[in-house]
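So the structure is just underneath, and the comments pick up after that.
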Amino acid sequence: MQVLDTAIHASPGTVTVEFVGEGGEKIAVTMVVSDPLLDHGALVDRAKELMVQCAAFGGLPAQDSRHSNANGSRPGIEPPSDTGQDLYTFEYREGGSVRRLEGVELPNLEAVHDEALRSAFDLLDDAAEPFQNGWAVRVRGGDGEVVLSVDFDEARREKAAAAM
């Protein structure tokens, strides 16, 4: 879809960014906003990041057996052929729970680090407890071993450096 316009609709605590395309097509991204002073460009960028994350991680998690087959893919959707990318499992720590996203394809550890760091920024933005410690995002390789970890302190430092 070629985006012709964007529209932003704010309500208490949330913002919806609509991407408007030809023929009236629309994609809407609704976000919880912790910083009410974000400008139009920052909101559009954040909505684009969320869409990229959705595209990278696909649909429902593999654990949702109601909509997946034995190999974890959605019915009627063939798993990707050999793309030269490795499969990773991302683990996100939010409060007292851990959320896992399996089967994330990325080309190299640099891309894995970039995605883990961006995800840690998201956890900081959405955190109910602003001063969490320890790991925020862990990434496991195909063998189940942790290949990379980003902790909350690193994410806070990197986010502060990026804001300068």
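We label chains A, B, ... in the order they appear in the structure tokens, count residues from 1 in each chain, and number ligands from 1 in the order shown.
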
Taking only C-alpha atoms into account, produce a table as JSON lines in which each residue of stretch 101-127 of chain A with an atom at most 6 Å from an atom of stretch 87-91 of chain A appears once, together with its shortest atom pair and the distance in Å to one decimal, ordered by chain and rising number.
```
{"residue": "A:Leu101", "atom": "CA", "partner": "A:Phe90", "partner_atom": "CA", "distance": 5.2}
{"residue": "A:Glu102", "atom": "CA", "partner": "A:Thr89", "partner_atom": "CA", "distance": 4.3}
{"residue": "A:Gly103", "atom": "CA", "partner": "A:Leu87", "partner_atom": "CA", "distance": 5.2}
{"residue": "A:Val104", "atom": "CA", "partner": "A:Tyr88", "partner_atom": "CA", "distance": 5.0}
{"residue": "A:Glu105", "atom": "CA", "partner": "A:Leu87", "partner_atom": "CA", "distance": 4.6}
```

Create the file for the chosen residues now, containing N, CA and C atoms and written as a CSV table (one decimal), in the first residue's frame.
```
chain,number,residue,atom,x,y,z
A,101,LEU,N,8.8,-15.2,22.1
A,101,LEU,CA,8.5,-15.2,20.7
A,101,LEU,C,9.5,-16.1,20.0
A,102,GLU,N,9.0,-17.2,19.4
A,102,GLU,CA,9.9,-18.1,18.8
A,102,GLU,C,9.9,-18.0,17.3
A,103,GLY,N,11.0,-18.5,16.7
A,103,GLY,CA,11.0,-18.5,15.2
A,103,GLY,C,11.3,-17.2,14.5
A,104,VAL,N,11.9,-16.2,15.2
A,104,VAL,CA,12.2,-14.9,14.6
A,104,VAL,C,13.5,-15.1,13.7
A,105,GLU,N,13.3,-14.8,12.5
A,105,GLU,CA,14.4,-14.9,11.5
A,105,GLU,C,15.2,-13.6,11.4
```

Find the spatial neighbours of A:Asp122, counting only C-alpha atoms, within a cut-off of 12 Å - ignore same-chain residues fewer than 3 positions away - and output them as a PDB file with all heavy atoms, in the first residue's frame.
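To be explicit, this is the file written out as out12.pdb:
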```pdb
ATOM      1  N   MET A  31      -1.649   2.965  20.153  1.00  0.00           N
ATOM      2  CA  MET A  31      -0.532   2.826  21.084  1.00  0.00           C
ATOM      3  C   MET A  31      -0.889   3.447  22.419  1.00  0.00           C
ATOM      4  O   MET A  31      -1.584   4.454  22.473  1.00  0.00           O
ATOM      5  CB  MET A  31       0.699   3.550  20.528  1.00  0.00           C
ATOM      6  CG  MET A  31       1.110   3.109  19.141  1.00  0.00           C
ATOM      7  SD  MET A  31       2.405   4.155  18.436  1.00  0.00           S
ATOM      8  CE  MET A  31       1.492   5.640  18.043  1.00  0.00           C
ATOM      9  N   VAL A  32      -0.373   2.827  23.474  1.00  0.00           N
ATOM     10  CA  VAL A  32      -0.424   3.448  24.798  1.00  0.00           C
ATOM     11  C   VAL A  32       0.736   4.425  24.831  1.00  0.00           C
ATOM     12  O   VAL A  32       1.865   4.072  24.502  1.00  0.00           O
ATOM     13  CB  VAL A  32      -0.276   2.399  25.915  1.00  0.00           C
ATOM     14  CG1 VAL A  32      -0.194   3.066  27.276  1.00  0.00           C
ATOM     15  CG2 VAL A  32      -1.430   1.411  25.859  1.00  0.00           C
ATOM     16  N   VAL A  33       0.467   5.662  25.190  1.00  0.00           N
ATOM     17  CA  VAL A  33       1.489   6.701  25.141  1.00  0.00           C
ATOM     18  C   VAL A  33       1.829   7.132  26.559  1.00  0.00           C
ATOM     19  O   VAL A  33       0.974   7.622  27.294  1.00  0.00           O
ATOM     20  CB  VAL A  33       1.003   7.909  24.314  1.00  0.00           C
ATOM     21  CG1 VAL A  33       2.052   8.996  24.289  1.00  0.00           C
ATOM     22  CG2 VAL A  33       0.669   7.472  22.910  1.00  0.00           C
ATOM     23  N   SER A  34       3.106   6.927  26.932  1.00  0.00           N
ATOM     24  CA  SER A  34       3.543   7.337  28.260  1.00  0.00           C
ATOM     25  C   SER A  34       4.068   8.772  28.252  1.00  0.00           C
ATOM     26  O   SER A  34       4.138   9.409  29.292  1.00  0.00           O
ATOM     27  CB  SER A  34       4.619   6.385  28.778  1.00  0.00           C
ATOM     28  OG  SER A  34       5.709   6.359  27.893  1.00  0.00           O
ATOM     29  N   ARG A  46       6.984   5.724  15.705  1.00  0.00           N
ATOM     30  CA  ARG A  46       6.692   4.658  16.666  1.00  0.00           C
ATOM     31  C   ARG A  46       5.690   3.674  16.077  1.00  0.00           C
ATOM     32  O   ARG A  46       5.827   2.463  16.220  1.00  0.00           O
ATOM     33  CB  ARG A  46       6.165   5.275  17.965  1.00  0.00           C
ATOM     34  CG  ARG A  46       5.713   4.276  18.983  1.00  0.00           C
ATOM     35  CD  ARG A  46       6.901   3.636  19.690  1.00  0.00           C
ATOM     36  NE  ARG A  46       6.405   2.768  20.740  1.00  0.00           N
ATOM     37  CZ  ARG A  46       6.517   1.446  20.726  1.00  0.00           C
ATOM     38  NH1 ARG A  46       7.189   0.853  19.777  1.00  0.00           N
ATOM     39  NH2 ARG A  46       6.003   0.727  21.681  1.00  0.00           N
ATOM     40  N   ALA A  47       4.674   4.181  15.386  1.00  0.00           N
ATOM     41  CA  ALA A  47       3.679   3.308  14.756  1.00  0.00           C
ATOM     42  C   ALA A  47       4.332   2.441  13.676  1.00  0.00           C
ATOM     43  O   ALA A  47       4.038   1.248  13.567  1.00  0.00           O
ATOM     44  CB  ALA A  47       2.541   4.143  14.165  1.00  0.00           C
ATOM     45  N   GLU A  49       7.458   1.463  13.655  1.00  0.00           N
ATOM     46  CA  GLU A  49       8.255   0.458  14.368  1.00  0.00           C
ATOM     47  C   GLU A  49       7.378  -0.712  14.805  1.00  0.00           C
ATOM     48  O   GLU A  49       7.781  -1.871  14.690  1.00  0.00           O
ATOM     49  CB  GLU A  49       8.928   1.071  15.598  1.00  0.00           C
ATOM     50  CG  GLU A  49      10.059   2.012  15.275  1.00  0.00           C
ATOM     51  CD  GLU A  49      10.577   2.735  16.518  1.00  0.00           C
ATOM     52  OE1 GLU A  49      10.121   2.419  17.647  1.00  0.00           O
ATOM     53  OE2 GLU A  49      11.436   3.605  16.361  1.00  0.00           O
ATOM     54  N   LEU A  50       6.187  -0.412  15.298  1.00  0.00           N
ATOM     55  CA  LEU A  50       5.283  -1.474  15.730  1.00  0.00           C
ATOM     56  C   LEU A  50       4.854  -2.346  14.553  1.00  0.00           C
ATOM     57  O   LEU A  50       4.765  -3.568  14.684  1.00  0.00           O
ATOM     58  CB  LEU A  50       4.061  -0.886  16.431  1.00  0.00           C
ATOM     59  CG  LEU A  50       4.325  -0.293  17.809  1.00  0.00           C
ATOM     60  CD1 LEU A  50       3.090   0.443  18.325  1.00  0.00           C
ATOM     61  CD2 LEU A  50       4.741  -1.367  18.789  1.00  0.00           C
ATOM     62  N   GLN A  53       7.674  -4.631  13.682  1.00  0.00           N
ATOM     63  CA  GLN A  53       7.767  -5.701  14.664  1.00  0.00           C
ATOM     64  C   GLN A  53       6.705  -6.760  14.384  1.00  0.00           C
ATOM     65  O   GLN A  53       6.988  -7.954  14.439  1.00  0.00           O
ATOM     66  CB  GLN A  53       7.612  -5.141  16.068  1.00  0.00           C
ATOM     67  CG  GLN A  53       7.850  -6.170  17.143  1.00  0.00           C
ATOM     68  CD  GLN A  53       7.806  -5.577  18.532  1.00  0.00           C
ATOM     69  OE1 GLN A  53       7.253  -4.508  18.745  1.00  0.00           O
ATOM     70  NE2 GLN A  53       8.366  -6.274  19.480  1.00  0.00           N
ATOM     71  N   TYR A  92      11.086 -11.723  26.606  1.00  0.00           N
ATOM     72  CA  TYR A  92      10.888 -10.366  27.117  1.00  0.00           C
ATOM     73  C   TYR A  92      10.436 -10.459  28.567  1.00  0.00           C
ATOM     74  O   TYR A  92       9.461 -11.140  28.864  1.00  0.00           O
ATOM     75  CB  TYR A  92       9.816  -9.638  26.303  1.00  0.00           C
ATOM     76  CG  TYR A  92      10.094  -9.625  24.838  1.00  0.00           C
ATOM     77  CD1 TYR A  92       9.578 -10.610  24.004  1.00  0.00           C
ATOM     78  CD2 TYR A  92      10.903  -8.641  24.289  1.00  0.00           C
ATOM     79  CE1 TYR A  92       9.851 -10.594  22.647  1.00  0.00           C
ATOM     80  CE2 TYR A  92      11.176  -8.625  22.936  1.00  0.00           C
ATOM     81  CZ  TYR A  92      10.645  -9.605  22.125  1.00  0.00           C
ATOM     82  OH  TYR A  92      10.927  -9.593  20.789  1.00  0.00           O
ATOM     83  N   ARG A  93      11.110  -9.743  29.455  1.00  0.00           N
ATOM     84  CA  ARG A  93      10.730  -9.741  30.868  1.00  0.00           C
ATOM     85  C   ARG A  93       9.913  -8.495  31.151  1.00  0.00           C
ATOM     86  O   ARG A  93      10.394  -7.383  30.995  1.00  0.00           O
ATOM     87  CB  ARG A  93      11.962  -9.773  31.759  1.00  0.00           C
ATOM     88  CG  ARG A  93      11.589 -10.140  33.180  1.00  0.00           C
ATOM     89  CD  ARG A  93      12.779 -10.357  34.017  1.00  0.00           C
ATOM     90  NE  ARG A  93      12.955  -9.132  34.793  1.00  0.00           N
ATOM     91  CZ  ARG A  93      14.059  -8.781  35.395  1.00  0.00           C
ATOM     92  NH1 ARG A  93      15.113  -9.525  35.293  1.00  0.00           N
ATOM     93  NH2 ARG A  93      14.108  -7.686  36.092  1.00  0.00           N
ATOM     94  N   GLU A  94       8.683  -8.718  31.529  1.00  0.00           N
ATOM     95  CA  GLU A  94       7.774  -7.621  31.858  1.00  0.00           C
ATOM     96  C   GLU A  94       7.234  -7.871  33.254  1.00  0.00           C
ATOM     97  O   GLU A  94       6.442  -8.788  33.455  1.00  0.00           O
ATOM     98  CB  GLU A  94       6.626  -7.561  30.853  1.00  0.00           C
ATOM     99  CG  GLU A  94       7.085  -7.300  29.438  1.00  0.00           C
ATOM    100  CD  GLU A  94       5.943  -7.263  28.464  1.00  0.00           C
ATOM    101  OE1 GLU A  94       5.340  -6.188  28.322  1.00  0.00           O
ATOM    102  OE2 GLU A  94       5.653  -8.300  27.866  1.00  0.00           O
ATOM    103  N   GLU A 115      17.455  -5.489  17.301  1.00  0.00           N
ATOM    104  CA  GLU A 115      16.054  -5.789  17.624  1.00  0.00           C
ATOM    105  C   GLU A 115      15.867  -5.939  19.132  1.00  0.00           C
ATOM    106  O   GLU A 115      14.880  -5.466  19.694  1.00  0.00           O
ATOM    107  CB  GLU A 115      15.587  -7.051  16.901  1.00  0.00           C
ATOM    108  CG  GLU A 115      14.166  -7.440  17.211  1.00  0.00           C
ATOM    109  CD  GLU A 115      13.134  -6.382  16.872  1.00  0.00           C
ATOM    110  OE1 GLU A 115      13.363  -5.559  15.963  1.00  0.00           O
ATOM    111  OE2 GLU A 115      12.076  -6.361  17.530  1.00  0.00           O
ATOM    112  N   ALA A 116      16.810  -6.583  19.807  1.00  0.00           N
ATOM    113  CA  ALA A 116      16.712  -6.754  21.267  1.00  0.00           C
ATOM    114  C   ALA A 116      16.766  -5.403  21.967  1.00  0.00           C
ATOM    115  O   ALA A 116      15.999  -5.150  22.908  1.00  0.00           O
ATOM    116  CB  ALA A 116      17.825  -7.670  21.764  1.00  0.00           C
ATOM    117  N   LEU A 117      17.653  -4.521  21.518  1.00  0.00           N
ATOM    118  CA  LEU A 117      17.774  -3.207  22.136  1.00  0.00           C
ATOM    119  C   LEU A 117      16.509  -2.375  21.895  1.00  0.00           C
ATOM    120  O   LEU A 117      15.977  -1.746  22.808  1.00  0.00           O
ATOM    121  CB  LEU A 117      19.004  -2.484  21.601  1.00  0.00           C
ATOM    122  CG  LEU A 117      19.385  -1.187  22.299  1.00  0.00           C
ATOM    123  CD1 LEU A 117      19.652  -1.412  23.782  1.00  0.00           C
ATOM    124  CD2 LEU A 117      20.624  -0.589  21.639  1.00  0.00           C
ATOM    125  N   ARG A 118      15.998  -2.399  20.669  1.00  0.00           N
ATOM    126  CA  ARG A 118      14.763  -1.673  20.364  1.00  0.00           C
ATOM    127  C   ARG A 118      13.608  -2.199  21.208  1.00  0.00           C
ATOM    128  O   ARG A 118      12.793  -1.441  21.745  1.00  0.00           O
ATOM    129  CB  ARG A 118      14.429  -1.792  18.874  1.00  0.00           C
ATOM    130  CG  ARG A 118      13.329  -0.838  18.438  1.00  0.00           C
ATOM    131  CD  ARG A 118      12.729  -1.230  17.113  1.00  0.00           C
ATOM    132  NE  ARG A 118      12.203  -2.574  17.118  1.00  0.00           N
ATOM    133  CZ  ARG A 118      11.108  -2.942  17.756  1.00  0.00           C
ATOM    134  NH1 ARG A 118      10.426  -2.088  18.473  1.00  0.00           N
ATOM    135  NH2 ARG A 118      10.691  -4.181  17.708  1.00  0.00           N
ATOM    136  N   SER A 119      13.557  -3.514  21.391  1.00  0.00           N
ATOM    137  CA  SER A 119      12.511  -4.113  22.217  1.00  0.00           C
ATOM    138  C   SER A 119      12.670  -3.712  23.678  1.00  0.00           C
ATOM    139  O   SER A 119      11.675  -3.479  24.378  1.00  0.00           O
ATOM    140  CB  SER A 119      12.552  -5.638  22.089  1.00  0.00           C
ATOM    141  OG  SER A 119      12.260  -6.026  20.766  1.00  0.00           O
ATOM    142  N   ASP A 125       9.540   2.012  27.893  1.00  0.00           N
ATOM    143  CA  ASP A 125       8.450   2.958  27.636  1.00  0.00           C
ATOM    144  C   ASP A 125       7.132   2.489  28.244  1.00  0.00           C
ATOM    145  O   ASP A 125       6.324   3.297  28.689  1.00  0.00           O
ATOM    146  CB  ASP A 125       8.256   3.167  26.131  1.00  0.00           C
ATOM    147  CG  ASP A 125       9.377   3.966  25.504  1.00  0.00           C
ATOM    148  OD1 ASP A 125      10.146   4.616  26.239  1.00  0.00           O
ATOM    149  OD2 ASP A 125       9.498   3.918  24.261  1.00  0.00           O
ATOM    150  N   ASP A 126       6.917   1.173  28.228  1.00  0.00           N
ATOM    151  CA  ASP A 126       5.638   0.622  28.669  1.00  0.00           C
ATOM    152  C   ASP A 126       5.651   0.139  30.118  1.00  0.00           C
ATOM    153  O   ASP A 126       4.643  -0.358  30.598  1.00  0.00           O
ATOM    154  CB  ASP A 126       5.242  -0.551  27.771  1.00  0.00           C
ATOM    155  CG  ASP A 126       5.049  -0.124  26.321  1.00  0.00           C
ATOM    156  OD1 ASP A 126       4.839   1.078  26.077  1.00  0.00           O
ATOM    157  OD2 ASP A 126       5.121  -0.987  25.432  1.00  0.00           O
ATOM    158  N   ALA A 127       6.780   0.272  30.798  1.00  0.00           N
ATOM    159  CA  ALA A 127       6.942  -0.325  32.123  1.00  0.00           C
ATOM    160  C   ALA A 127       6.042   0.315  33.173  1.00  0.00           C
ATOM    161  O   ALA A 127       5.988   1.527  33.306  1.00  0.00           O
ATOM    162  CB  ALA A 127       8.395  -0.221  32.578  1.00  0.00           C
ATOM    163  N   ALA A 128       5.350  -0.540  33.914  1.00  0.00           N
ATOM    164  CA  ALA A 128       4.581  -0.075  35.065  1.00  0.00           C
ATOM    165  C   ALA A 128       5.529   0.234  36.223  1.00  0.00           C
ATOM    166  O   ALA A 128       5.262   1.096  37.040  1.00  0.00           O
ATOM    167  CB  ALA A 128       3.562  -1.128  35.482  1.00  0.00           C
ATOM    168  N   PRO A 130       9.105   1.653  36.636  1.00  0.00           N
ATOM    169  CA  PRO A 130      10.114   2.317  35.812  1.00  0.00           C
ATOM    170  C   PRO A 130      11.559   1.950  36.134  1.00  0.00           C
ATOM    171  O   PRO A 130      12.427   2.140  35.306  1.00  0.00           O
ATOM    172  CB  PRO A 130       9.865   3.800  36.058  1.00  0.00           C
ATOM    173  CG  PRO A 130       9.113   3.869  37.335  1.00  0.00           C
ATOM    174  CD  PRO A 130       8.371   2.590  37.469  1.00  0.00           C
ATOM    175  N   ALA A 136      16.348  -7.473  30.400  1.00  0.00           N
ATOM    176  CA  ALA A 136      15.075  -7.042  29.814  1.00  0.00           C
ATOM    177  C   ALA A 136      14.686  -7.962  28.661  1.00  0.00           C
ATOM    178  O   ALA A 136      13.551  -8.404  28.553  1.00  0.00           O
ATOM    179  CB  ALA A 136      15.177  -5.609  29.317  1.00  0.00           C
ATOM    180  N   VAL A 137      15.676  -8.250  27.794  1.00  0.00           N
ATOM    181  CA  VAL A 137      15.447  -9.097  26.623  1.00  0.00           C
ATOM    182  C   VAL A 137      16.595 -10.096  26.529  1.00  0.00           C
ATOM    183  O   VAL A 137      17.759  -9.704  26.587  1.00  0.00           O
ATOM    184  CB  VAL A 137      15.383  -8.261  25.321  1.00  0.00           C
ATOM    185  CG1 VAL A 137      15.148  -9.158  24.114  1.00  0.00           C
ATOM    186  CG2 VAL A 137      14.306  -7.193  25.408  1.00  0.00           C
ATOM    187  N   PHE A 152      18.171  -3.920  31.611  1.00  0.00           N
ATOM    188  CA  PHE A 152      17.477  -2.636  31.711  1.00  0.00           C
ATOM    189  C   PHE A 152      18.458  -1.468  31.817  1.00  0.00           C
ATOM    190  O   PHE A 152      18.222  -0.407  31.241  1.00  0.00           O
ATOM    191  CB  PHE A 152      16.497  -2.640  32.888  1.00  0.00           C
ATOM    192  CG  PHE A 152      15.242  -3.415  32.617  1.00  0.00           C
ATOM    193  CD1 PHE A 152      15.063  -4.681  33.158  1.00  0.00           C
ATOM    194  CD2 PHE A 152      14.240  -2.895  31.821  1.00  0.00           C
ATOM    195  CE1 PHE A 152      13.905  -5.398  32.907  1.00  0.00           C
ATOM    196  CE2 PHE A 152      13.080  -3.605  31.559  1.00  0.00           C
ATOM    197  CZ  PHE A 152      12.915  -4.865  32.108  1.00  0.00           C
ATOM    198  N   ALA A 155      19.784  -0.652  28.402  1.00  0.00           N
ATOM    199  CA  ALA A 155      18.728  -0.016  27.612  1.00  0.00           C
ATOM    200  C   ALA A 155      18.549   1.441  28.016  1.00  0.00           C
ATOM    201  O   ALA A 155      18.401   2.318  27.152  1.00  0.00           O
ATOM    202  CB  ALA A 155      17.416  -0.787  27.764  1.00  0.00           C
ATOM    203  N   ARG A 156      18.584   1.733  29.329  1.00  0.00           N
ATOM    204  CA  ARG A 156      18.443   3.129  29.776  1.00  0.00           C
ATOM    205  C   ARG A 156      19.601   3.971  29.274  1.00  0.00           C
ATOM    206  O   ARG A 156      19.396   5.094  28.797  1.00  0.00           O
ATOM    207  CB  ARG A 156      18.370   3.184  31.306  1.00  0.00           C
ATOM    208  CG  ARG A 156      16.984   2.848  31.854  1.00  0.00           C
ATOM    209  CD  ARG A 156      16.871   3.145  33.336  1.00  0.00           C
ATOM    210  NE  ARG A 156      17.362   2.100  34.188  1.00  0.00           N
ATOM    211  CZ  ARG A 156      16.669   1.026  34.546  1.00  0.00           C
ATOM    212  NH1 ARG A 156      15.442   0.874  34.137  1.00  0.00           N
ATOM    213  NH2 ARG A 156      17.198   0.122  35.335  1.00  0.00           N
ATOM    214  N   LYS A 159      19.284   4.442  25.439  1.00  0.00           N
ATOM    215  CA  LYS A 159      18.154   5.321  25.125  1.00  0.00           C
ATOM    216  C   LYS A 159      18.512   6.775  25.427  1.00  0.00           C
ATOM    217  O   LYS A 159      18.189   7.667  24.638  1.00  0.00           O
ATOM    218  CB  LYS A 159      16.919   4.888  25.915  1.00  0.00           C
ATOM    219  CG  LYS A 159      15.685   5.640  25.514  1.00  0.00           C
ATOM    220  CD  LYS A 159      14.466   5.064  26.158  1.00  0.00           C
ATOM    221  CE  LYS A 159      13.264   5.829  25.659  1.00  0.00           C
ATOM    222  NZ  LYS A 159      12.023   5.338  26.159  1.00  0.00           N
TER     223      LYS A 159
END
```
